[in-house]
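> Below is the structure I would like to discuss, written out as structure tokens.
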Amino acid sequence: MDKISSPAEFQVAIQSPPLTVAIFKADWCSDCKFIDPFIPEVEQAYADRLTLVEVDVDAVGDVSQEQNIMGIPSFVAYSDGRELVRFVNKLRKSREEIENFLDKAVQVHQSLQK
């Protein structure tokens with residue numbers, strides 16, 4: 001998974017036509033560390049449908065504020081620079097919840113391609 005550590009990298013990542021899901025995280029976040037063990041498997045399972053990128057909220061300056069990220073980890077799906085759908089709350093996220101969100105993001109993206 002690519003790690004985004006600047007506003008410019010973030011803009012490049014979300015401008016691509018394929019579906020890109022940004023995971024907003026931080027090193028100090030315990031709920032972010034909770035998802036770390038299974039995210040590589042999730043990324044592999046969805047590799048043919050989307051690209052996951054990790055956004056370090058401490059490194060990207062005002063990007064988190066501009067994107068209205070109030071809690072982490074947060075998941076936001078983009079295509080062509082547009083936000084499609086988001087999974088943002090202050091609760092710990094399970095693998096099942098993350099996969100359900102990714103399924104929804106894929107459905108929204110596919111519906112826009114028709």
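The chains in the structure tokens are called A, B, ... from first to last as shown; in each chain the residues are counted from 1, and the ligands are counted from 1 in the order shown.
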With only C-alpha atoms counted and 10 Å as the cut-off, give the residues of segment 8-29 of chain A in contact with segment 87-104 of chain A, each with its shortest interatomic distance in Å and the pair that gives it, as a tab-separated table.

residue	atom	partner	partner_atom	distance
A:Val21	CA	A:Leu102	CA	8.1
A:Ile23	CA	A:Phe87	CA	9.6
A:Phe24	CA	A:Val88	CA	9.6
> If you count only C-alpha atoms, which residues fall within 12 Å of Val12 of chain A, apart from same-chain ones fewer than 2 positions away, as a list of chain:residue names?
A:Asp2, A:Ile4, A:Ser5, A:Ser6, A:Pro7, A:Ala8, A:Glu9, A:Phe10, A:Ile14, A:Gln15, A:Ser16, A:Pro17, A:Thr20, A:Ala22, A:Val53, A:Tyr78, A:Ser79, A:Asp80, A:Gly81
> With distances taken over only C-alpha atoms, which residue among A:Val106, A:Met70, A:Leu112, A:Cys32 lies nearest Glu54 of chain A?
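Selected residue with least distance to Glu54 of chain A: A:Cys32.
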> Using only C-alpha atoms, which residue out of A:Arg49, A:Lys33, A:Lys25, A:Arg82 lies closest to Ser64 of chain A?
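Between A:Arg49, A:Lys33, A:Lys25, A:Arg82, the residue approaching Ser64 of chain A most closely is A:Lys25.
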> Tell me which of A:Ala45, A:Ile72, A:Leu52, A:Ala59 sits closest to Cys29 of chain A, counting only C-alpha atoms.
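Selected residue with least distance to Cys29 of chain A: A:Ile72.
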> Run DSSP on the backbone and tell me which residues of chain A come out as strand (DSSP E or B); list them as a PyMOL selection string.
chain A and resi 2-4+20-25+51-56+74-79+82-87
> Using only C-alpha atoms, which of the listed residues (A:Gln11, A:Ala47, A:Ala105, A:Met1) sits closest to Val63 of chain A?
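Using only C-alpha atoms, Val63 of chain A sits closest to A:Gln11.
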> Would you give me, as a list in words, the residues in segment 7-60 of chain A that DSSP reads as helix (DSSP H, G or I)?
Pro7, Ala8, Glu9, Phe10, Gln11, Val12, Ala13, Ile14, Ser30, Asp31, Cys32, Lys33, Phe34, Ile35, Ile39, Pro40, Glu41, Val42, Glu43, Gln44 and Ala45 of chain A
> Report, in Å with one decimal, the straight-line distance from atom CA of Pro73 of chain A to atom CA of Ala26 of chain A.
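Atom-to-atom, atom CA of Pro73 of chain A and atom CA of Ala26 of chain A are spaced 7.9 Å apart.
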> Please measure the separation of atom CA of Pro18 of chain A and atom CA of Glu41 of chain A, giving the value in Å to one decimal.
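So the two atoms, atom CA of Pro18 of chain A and atom CA of Glu41 of chain A, lie 20.1 Å apart.
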